[in-house]
Structures are given as structure tokens and as C-alpha cells.
There are 2 protein chains.
Amino acid sequence: MKRAQPYDREKALDAAQDLFWRKGYHATSLKDLEAALTMKPGSIYAAFKSKEALFLAGLERYFLTSRQSVRDQMAVADTVLGGLADHLRSHGAMAGGPSGNRACMIVKTLLDTTAEDGAVSAWAHTYFEDMRSEFAGFFRKARENGELPPGADPDRLARRYQANITALRVEAHLGGDPAALTDLADSMAREVEELRNSGGTSRQ
Amino acid sequence: MKRAQPYDREKALDAAQDLFWRKGYHATSLKDLEAALTMKPGSIYAAFKSKEALFLAGLERYFLTSRQSVRDQMAVADTVLGGLADHLRSHGAMAGGPSGNRACMIVKTLLDTTAEDGAVSAWAHTYFEDMRSEFAGFFRKARENGELPPGADPDRLARRYQANITALRVEAHLGGDPAALTDLADSMAREVEELRNSGGTSRQ
DNA sequence: AGATTGTTTGAGCAATCACTCAAATGTGAG
DNA sequence: CTCACATTTGAGTGATTGCTCAAACAATCT
């Protein structure tokens with residue numbers, strides 16, 4: 001039988017994800033991690049093979065959590081477009097919260113990384129595109145629902161939608177006036193809602 | 001009389017800016033800089049006090065160039081909103097160019113940095129907000145011109161405009177299909193142009 | 001040419017980096 | 001309790017970090 005592990009793997013991963021999210025991959029040192037996980041280097045390497053592997057585990061966690069959060073929110077939405085609009089608004093409302101003033105970890109990683117960084121860069125790309133597919137799926141559903149005109153392009157709308165979220169989170173990172181962020185999110189949300197009203201002649 | 005300097009300060013700054021822009025502050029080492037500037041550590045420190053100071057010089061250069069580029073483009077524009085729209089389109093058209101697949105250096109720095117990074121973070125904030133003021137000035141001019149309704153809020157429009165540029169440059173960083181980027185830029189540009197048509201009853 | 005002045009050099013500094021491993025520790029089985 | 005074994009420990013690895021400085025060098029003076 002396996003012996004109980006004296007350290008809490010989930011807690012450690014949580015702490016690692018949070019630290020990496022805050023400081024970024026390159027700026028986070030093993031000393032920082034030792035402090036955050038309250039583990040000695042040997043334990044860290046026994047539990048998670050390397051700094052890179054630990055980062056990737058944290059990034060995957062972040063991605064899965066983010067995607068689940070959208071899915072949950074969409075599951076309770078009255079309409080697809082309404083759900084997507086509300087998702088934007090909830091990003092705007094995060095200001096002030098515990099991780100409300102942080103840009104998306106995936107985007108942070110993308111910008112902090114070149115092809116030379118190998119797996120880290122590659123996975124960030126993958127997750128970013130997976131999120132885009134997720135959004136595209138919702139827009140496709142909206143088109144099938146009749147919420148969008150038949151000529152609407154889900155991929156294009158998803159790209160635009162994701163761009164808005166990215167920009168919103170960057171703005172949140174700056175930590176300015178929460179009201180301005182809410183306002184920005186709302187203007188993006190209204191844009192999504194108004195896609196419904198653009199008749200079949202729309203360019204979208 | 002001052003003796004001619006055996007190294008070209010402008011060229012060195014150019015190389016430093018380019019390298020920092022590409023790899024980011026934390027991921028760039030002095031060894032990288034030595035190679036890029038073809039200068040030995042001693043010379044680098046004699047010419048530019050420190051890695052941080054060199055980075056700040058590069059960032060300032062980037063900011064001044066960017067701002068000048070907007071001003072130049074606006075100076076030859078027929079209308080203010082048209083100029084702003086074209087500026088977005090020219091960002092979209094950069095894909096494939098020498099620095100076409102790079103996010104904005106200021107945004108990269110913002111996301112790569114926390115308050116612990118001191119001056120680097122602070123200056124990135126300053127430049128980012130200076131650019132926003134620049135945009136706000138143009139929107140204000142458009143309002144005075146009658147291109148925008150009297151009730152339009154230049155600061156809000158500027159924030160939205162800057163958010164779009166940020167997102168556009170992040171998308172460019174991913175290096176996907178250039179046509180998709182052009183398309184995204186165009187949809188943002190049309191949004192700006194259509195501000196002109198929204199009558200005095202608009203919420204904007 | 002020789003003296004003077006300021007620049008470039010690059011070996012090398014202490015500190016830190018990501019990481020390792022033999023020894024100490026704690027747990028469950030017999 | 002004793003043994004067997006998995007896990008944790010933390011001092012220590014070589015490499016790299018940002019950075020320094022005495023010495024070599026080059027350009028302009030008298």
C-alpha cells in the first residue's frame with residue numbers, strides 16, 4: 001500500500017500556479033518556489049521533475065480551470081450570446097479580487113516566451129488556441145440557434161471575442177480604476193449582444 | 001575636444017532594444033547583450049550604467065518611435081477617425097515584416113513585471129498611459145471636428161482603442177495566418193469608422 | 001615623439017541559478 | 001520492536017547571473 005504523502009500535492013500545485021502566474025516563468029526562481037511550496041529543492045524535484053515541468057503542470061491547471069469556468073457560466077445562460085456577454089462582464093467585475101488584477105496566465109506566458117523556450121511556449125500556444133476553439137464552438141451554436149445570421153463566421157467572431165478578453169485582462173493587470181474596467185467590459189459585452197440584432201445583410 | 005567614440009551608440013541602442021523587445025527583460029542575459037552589441041561587459045557598463053538602465057533606454061526609444069509613428073500617420077490622414085482606423089489596419093498589415101510578429105514591447109514589459117521590478121514596471125505603466133492620452137487627444141479632436149457626437153467620451157474611446165491595439169499585437173505575436181490578422185484589424189478599424197455614423201443619441 | 005586623457009578590454013568577482021544525492025526521517029508490514 | 005522502504009532533507013554541484021577594475025589601448029595634444 002502506498003504511504004500517505006506528507007505534502008499536499010494539490011496545495012503545492014496551487015501555490016506554484018499562483019506564483020508562476022504572478023511572476024512569470026523566467027522571473028520565478030527555485031528559491032521563490034521553495035518558499036511558496038514550503039518544500040526543499042529535493043522534494044520539489046522528486047514530486048515534479050523540473051521547474052519547467054512544474055510550470056507546465058500549473059499552466060495546465062490554469063487552462064482547465066479557465067475553460068471549466070466558461071463552460072459553467074455558459075451552462076446556466078439563457079442564450080448563447082447572453083452567456084458570452086456575461087462572461088466578459090464577469091471578467092470586468094474581477095477587479096479588486098484576489099487574482100482580479102492579473103492578466104491571463106496563458107497570454108503572459110505567450111509574451112514571456114519565444115520558440116527557444118520549447119515546451120513552455122508550445123503549450124501556451126496550444127491552450128490559447130484551445131480556448132479560441134471553445135469560443136468558436138459557442139458562436140457556432142449561436143448560429144445554429146438562430147441567434148446569429150446564417151452568414152456569421154464563428155471562427156472570426158471567436159478571434160475577436162478572445163482578443164477582447166485578452167485586452168480586458170491586460171487592462172486589469174494595470175490595476176486602474178475598477179469602474180473603468182467594468183465600463184470597458186460592458187462595452188465589449190454590448191458588442192456581443194448586438195450581434196443578435198444585425199440582420200442577415202450584416203458583413204459579419 | 002571629445003574623441004570619436006569607437007562604438008556607435010545609436011546602433012548599440014538599436015540592438016539592445018531589439019533584443020529586449022524580442023526576449024523580454026528577465027529572459028535577456030548580459031551574455032546575450034554582449035553578443036548583440038558586440039561589446040564587452042566593461043564597455044556596456046561604461047556606456048549604459050546597468051542592465052536595467054539599458055533596458056529603460058531601449059523602452060523609451062520604443063515608446064518615442066511608436067508615438068511618433070502614430071503622429072506621422074495622423075498628420076497625413078484626411079479625417080481623425082479615418083487616421084485612427086488606418087493606424088489599426090497598418091498594425092494588421094505588419095504580419096510577416098521584420099518585427100511584425102511581436103507584441104507591443106510596452107505591454108510585454110507590463111506583463112513580465114511586478115511592482116518588485118521597480119523602475120522597469122513603473123516606466124512601462126507611464127508609457128502605456130502616455131499612449132492612451134495620445135489616443136484620447138485624437139478622439140477629443142474628432143469630437144471638436146464634429147466627427148464624433150458631442151456626448152462622446154474621448155477617454156473611454158481611447159481605452160477601447162488601445163485595448164484593440166494591444167489585442168491585435170498579441171495576436172500578431174502568435175504568428176498565425178496573416179490574412180486572419182488583417183481581417184481582425186479591419187473589423188476593429190470599421191468599428192472606429194462607424195463611430196462617425198452613430199448619431200447624437202448614441203450611448204458612446 | 002612623448003605625454004595626456006579617456007575608452008575598451010576581458011579575466012574574474014560574489015551571488016544566484018537550476019538541480020543532485022547521500023544521509024536522515026518517518027511509515028507500514030512482519 | 002525490527003526491518004524494509006519510500007520520502008524528505010539541505011548542503012553542495014557546476015554553470016551562469018549581473019557587474020567590476022586594473023591594465024592595455026588609441027586619439028589628440030605640445
# chains A, B, ... in the order shown; residues from 1 in each chain; ligands from 1
$ interface_residues --of "chain A" --to "chain C" --cutoff "8 Å" --atoms "only C-alpha atoms (C1' of nucleotides)" --output "NGL selection string"
:A and (3 or 29-30 or 41-42 or 51)
$ interface_residues --of "chain D" --to "chain A" --cutoff "12 Å" --atoms "only C-alpha atoms (C1' of nucleotides)" --output "JSON, numbers by chain"
{"D": [5, 6, 7, 8, 9, 10, 11]}
$ interface_residues --of "chain A" --to "chain B" --cutoff "9 Å" --atoms "only C-alpha atoms" --output "PyMOL selection string"
chain A and resi 22-24+26-27+102-103+107-114+125+156+159-160+162-168+170-171+173-174+180+183-184+187-188
$ closest_residue --among "A:Arg190, A:Arg132, A:Arg143, A:Arg9" --to "Phe63 of chain A" --atoms "only C-alpha atoms"
A:Arg132
$ atom_distance --atom1 "atom CA of Asp186 of chain A" --atom2 "atom CA of Leu88 of chain A"
7.5 Å
$ closest_residue --among "A:Ser133, A:Gln73, A:Thr65, A:Ser90" --to "Asp14 of chain A" --atoms "only C-alpha atoms"
A:Thr65
$ select_by_dssp --residues "segment 2-203 of chain B" --states "helix (DSSP H, G or I)" --output "JSON, numbers by chain"
{"B": [9, 10, 11, 12, 13, 14, 15, 16, 17, 18, 19, 20, 21, 22, 23, 30, 31, 32, 33, 34, 35, 36, 37, 41, 42, 43, 44, 45, 46, 47, 51, 52, 53, 54, 55, 56, 57, 58, 59, 60, 61, 62, 63, 64, 65, 66, 67, 68, 69, 70, 71, 72, 73, 74, 75, 80, 81, 82, 83, 84, 85, 86, 87, 88, 89, 90, 91, 92, 105, 106, 107, 108, 109, 110, 111, 115, 116, 117, 119, 120, 121, 122, 123, 124, 125, 126, 127, 128, 129, 130, 131, 132, 133, 134, 135, 136, 137, 138, 139, 140, 141, 142, 143, 144, 145, 154, 155, 156, 157, 158, 159, 160, 161, 162, 163, 164, 165, 166, 167, 168, 169, 170, 171, 172, 173, 174, 178, 179, 180, 181, 182, 183, 184, 185, 186, 187, 188, 189, 190, 191, 192, 193]}
$ residues_around --residues "Gln17 of chain B" --least-positions-apart "4" --cutoff "7 Å" --atoms "only C-alpha atoms (C1' of nucleotides)" --output "mmCIF file with C-alpha atoms, in the first residue's frame"
data_model
loop_
_atom_site.group_PDB
_atom_site.id
_atom_site.type_symbol
_atom_site.label_atom_id
_atom_site.label_comp_id
_atom_site.auth_asym_id
_atom_site.auth_seq_id
_atom_site.Cartn_x
_atom_site.Cartn_y
_atom_site.Cartn_z
ATOM 1 C CA LEU B 13 20.824 51.025 -28.504
ATOM 2 C CA TRP B 21 11.832 43.538 -27.248
ATOM 3 C CA GLY B 58 15.505 50.824 -25.085
ATOM 4 C CA LEU B 59 11.969 51.063 -23.789
#
$ atom_distance --atom1 "atom CA of Ala36 of chain B" --atom2 "atom CA of Leu64 of chain B"
21.9 Å
$ atom_distance --atom1 "atom CA of Gly92 of chain A" --atom2 "atom CA of Ser69 of chain A"
14.8 Å
$ decode --residues "segment 67-105 of chain A" --atoms "N, CA and C atoms" --output "mmCIF file, in the first residue's frame"
data_model
loop_
_atom_site.group_PDB
_atom_site.id
_atom_site.type_symbol
_atom_site.label_atom_id
_atom_site.label_comp_id
_atom_site.auth_asym_id
_atom_site.auth_seq_id
_atom_site.Cartn_x
_atom_site.Cartn_y
_atom_site.Cartn_z
ATOM 1 N N ARG A 67 -11.241 27.112 -18.638
ATOM 2 C CA ARG A 67 -12.197 26.558 -19.581
ATOM 3 C C ARG A 67 -13.446 26.077 -18.851
ATOM 4 N N GLN A 68 -13.242 25.469 -17.695
ATOM 5 C CA GLN A 68 -14.393 24.989 -16.931
ATOM 6 C C GLN A 68 -15.276 26.148 -16.495
ATOM 7 N N SER A 69 -14.616 27.237 -16.154
ATOM 8 C CA SER A 69 -15.363 28.409 -15.698
ATOM 9 C C SER A 69 -16.269 28.957 -16.806
ATOM 10 N N VAL A 70 -15.765 28.985 -18.039
ATOM 11 C CA VAL A 70 -16.609 29.423 -19.160
ATOM 12 C C VAL A 70 -17.752 28.443 -19.354
ATOM 13 N N ARG A 71 -17.426 27.165 -19.332
ATOM 14 C CA ARG A 71 -18.462 26.154 -19.568
ATOM 15 C C ARG A 71 -19.561 26.238 -18.520
ATOM 16 N N ASP A 72 -19.145 26.424 -17.285
ATOM 17 C CA ASP A 72 -20.136 26.533 -16.211
ATOM 18 C C ASP A 72 -21.046 27.734 -16.450
ATOM 19 N N GLN A 73 -20.417 28.835 -16.793
ATOM 20 C CA GLN A 73 -21.193 30.054 -16.986
ATOM 21 C C GLN A 73 -22.136 29.920 -18.185
ATOM 22 N N MET A 74 -21.658 29.248 -19.222
ATOM 23 C CA MET A 74 -22.499 29.078 -20.413
ATOM 24 C C MET A 74 -23.651 28.105 -20.141
ATOM 25 N N ALA A 75 -23.424 27.183 -19.237
ATOM 26 C CA ALA A 75 -24.441 26.162 -18.957
ATOM 27 C C ALA A 75 -25.690 26.772 -18.321
ATOM 28 N N VAL A 76 -25.516 27.838 -17.598
ATOM 29 C CA VAL A 76 -26.660 28.445 -16.915
ATOM 30 C C VAL A 76 -27.197 29.677 -17.647
ATOM 31 N N ALA A 77 -26.632 29.969 -18.834
ATOM 32 C CA ALA A 77 -27.054 31.175 -19.552
ATOM 33 C C ALA A 77 -28.353 30.930 -20.315
ATOM 34 N N ASP A 78 -29.190 31.970 -20.409
ATOM 35 C CA ASP A 78 -30.449 31.856 -21.145
ATOM 36 C C ASP A 78 -30.189 31.714 -22.639
ATOM 37 N N THR A 79 -29.298 32.541 -23.143
ATOM 38 C CA THR A 79 -28.937 32.478 -24.558
ATOM 39 C C THR A 79 -27.430 32.378 -24.673
ATOM 40 N N VAL A 80 -26.955 31.916 -25.818
ATOM 41 C CA VAL A 80 -25.514 31.760 -26.009
ATOM 42 C C VAL A 80 -24.835 33.123 -25.991
ATOM 43 N N LEU A 81 -25.352 34.043 -26.790
ATOM 44 C CA LEU A 81 -24.732 35.363 -26.848
ATOM 45 C C LEU A 81 -24.804 36.070 -25.495
ATOM 46 N N GLY A 82 -25.924 35.881 -24.827
ATOM 47 C CA GLY A 82 -26.064 36.468 -23.497
ATOM 48 C C GLY A 82 -25.015 35.912 -22.545
ATOM 49 N N GLY A 83 -24.770 34.616 -22.628
ATOM 50 C CA GLY A 83 -23.772 33.984 -21.776
ATOM 51 C C GLY A 83 -22.376 34.501 -22.072
ATOM 52 N N LEU A 84 -22.074 34.642 -23.349
ATOM 53 C CA LEU A 84 -20.752 35.152 -23.728
ATOM 54 C C LEU A 84 -20.580 36.594 -23.263
ATOM 55 N N ALA A 85 -21.649 37.371 -23.375
ATOM 56 C CA ALA A 85 -21.591 38.763 -22.915
ATOM 57 C C ALA A 85 -21.374 38.815 -21.409
ATOM 58 N N ASP A 86 -22.080 37.962 -20.697
ATOM 59 C CA ASP A 86 -21.930 37.941 -19.242
ATOM 60 C C ASP A 86 -20.537 37.489 -18.831
ATOM 61 N N HIS A 87 -19.983 36.581 -19.601
ATOM 62 C CA HIS A 87 -18.630 36.125 -19.292
ATOM 63 C C HIS A 87 -17.645 37.298 -19.373
ATOM 64 N N LEU A 88 -17.811 38.123 -20.383
ATOM 65 C CA LEU A 88 -16.978 39.327 -20.485
ATOM 66 C C LEU A 88 -17.191 40.222 -19.267
ATOM 67 N N ARG A 89 -18.438 40.407 -18.913
ATOM 68 C CA ARG A 89 -18.736 41.292 -17.781
ATOM 69 C C ARG A 89 -18.139 40.757 -16.488
ATOM 70 N N SER A 90 -18.149 39.444 -16.333
ATOM 71 C CA SER A 90 -17.600 38.900 -15.094
ATOM 72 C C SER A 90 -16.080 39.079 -15.045
ATOM 73 N N HIS A 91 -15.448 39.105 -16.212
ATOM 74 C CA HIS A 91 -14.022 39.447 -16.228
ATOM 75 C C HIS A 91 -13.823 40.883 -15.774
ATOM 76 N N GLY A 92 -14.708 41.751 -16.220
ATOM 77 C CA GLY A 92 -14.606 43.161 -15.836
ATOM 78 C C GLY A 92 -14.849 43.382 -14.357
ATOM 79 N N ALA A 93 -15.654 42.495 -13.777
ATOM 80 C CA ALA A 93 -16.020 42.662 -12.374
ATOM 81 C C ALA A 93 -14.983 42.073 -11.434
ATOM 82 N N MET A 94 -13.972 41.407 -11.980
ATOM 83 C CA MET A 94 -12.977 40.753 -11.126
ATOM 84 C C MET A 94 -12.038 41.740 -10.440
ATOM 85 N N ALA A 95 -11.992 42.960 -10.942
ATOM 86 C CA ALA A 95 -11.053 43.947 -10.393
ATOM 87 C C ALA A 95 -11.197 44.048 -8.883
ATOM 88 N N GLY A 96 -10.077 44.037 -8.208
ATOM 89 C CA GLY A 96 -10.103 44.144 -6.762
ATOM 90 C C GLY A 96 -10.048 42.787 -6.076
ATOM 91 N N GLY A 97 -10.507 41.751 -6.778
ATOM 92 C CA GLY A 97 -10.495 40.407 -6.212
ATOM 93 C C GLY A 97 -9.079 39.888 -6.032
ATOM 94 N N PRO A 98 -8.936 38.669 -5.504
ATOM 95 C CA PRO A 98 -7.621 38.105 -5.193
ATOM 96 C C PRO A 98 -6.707 38.021 -6.420
ATOM 97 N N SER A 99 -7.259 37.531 -7.523
ATOM 98 C CA SER A 99 -6.444 37.492 -8.742
ATOM 99 C C SER A 99 -7.106 38.357 -9.813
ATOM 100 N N GLY A 100 -7.782 39.376 -9.350
ATOM 101 C CA GLY A 100 -8.514 40.243 -10.268
ATOM 102 C C GLY A 100 -7.614 41.171 -11.047
ATOM 103 N N ASN A 101 -6.461 41.467 -10.481
ATOM 104 C CA ASN A 101 -5.559 42.376 -11.175
ATOM 105 C C ASN A 101 -4.415 41.608 -11.833
ATOM 106 N N ARG A 102 -4.789 40.542 -12.502
ATOM 107 C CA ARG A 102 -3.761 39.769 -13.200
ATOM 108 C C ARG A 102 -4.209 39.496 -14.620
ATOM 109 N N ALA A 103 -3.275 39.601 -15.528
ATOM 110 C CA ALA A 103 -3.564 39.232 -16.905
ATOM 111 C C ALA A 103 -3.688 37.716 -16.986
ATOM 112 N N CYS A 104 -4.250 37.240 -18.069
ATOM 113 C CA CYS A 104 -4.373 35.808 -18.303
ATOM 114 C C CYS A 104 -2.984 35.163 -18.265
ATOM 115 N N MET A 105 -2.862 34.075 -17.525
ATOM 116 C CA MET A 105 -1.569 33.406 -17.386
ATOM 117 C C MET A 105 -1.077 32.887 -18.733
#
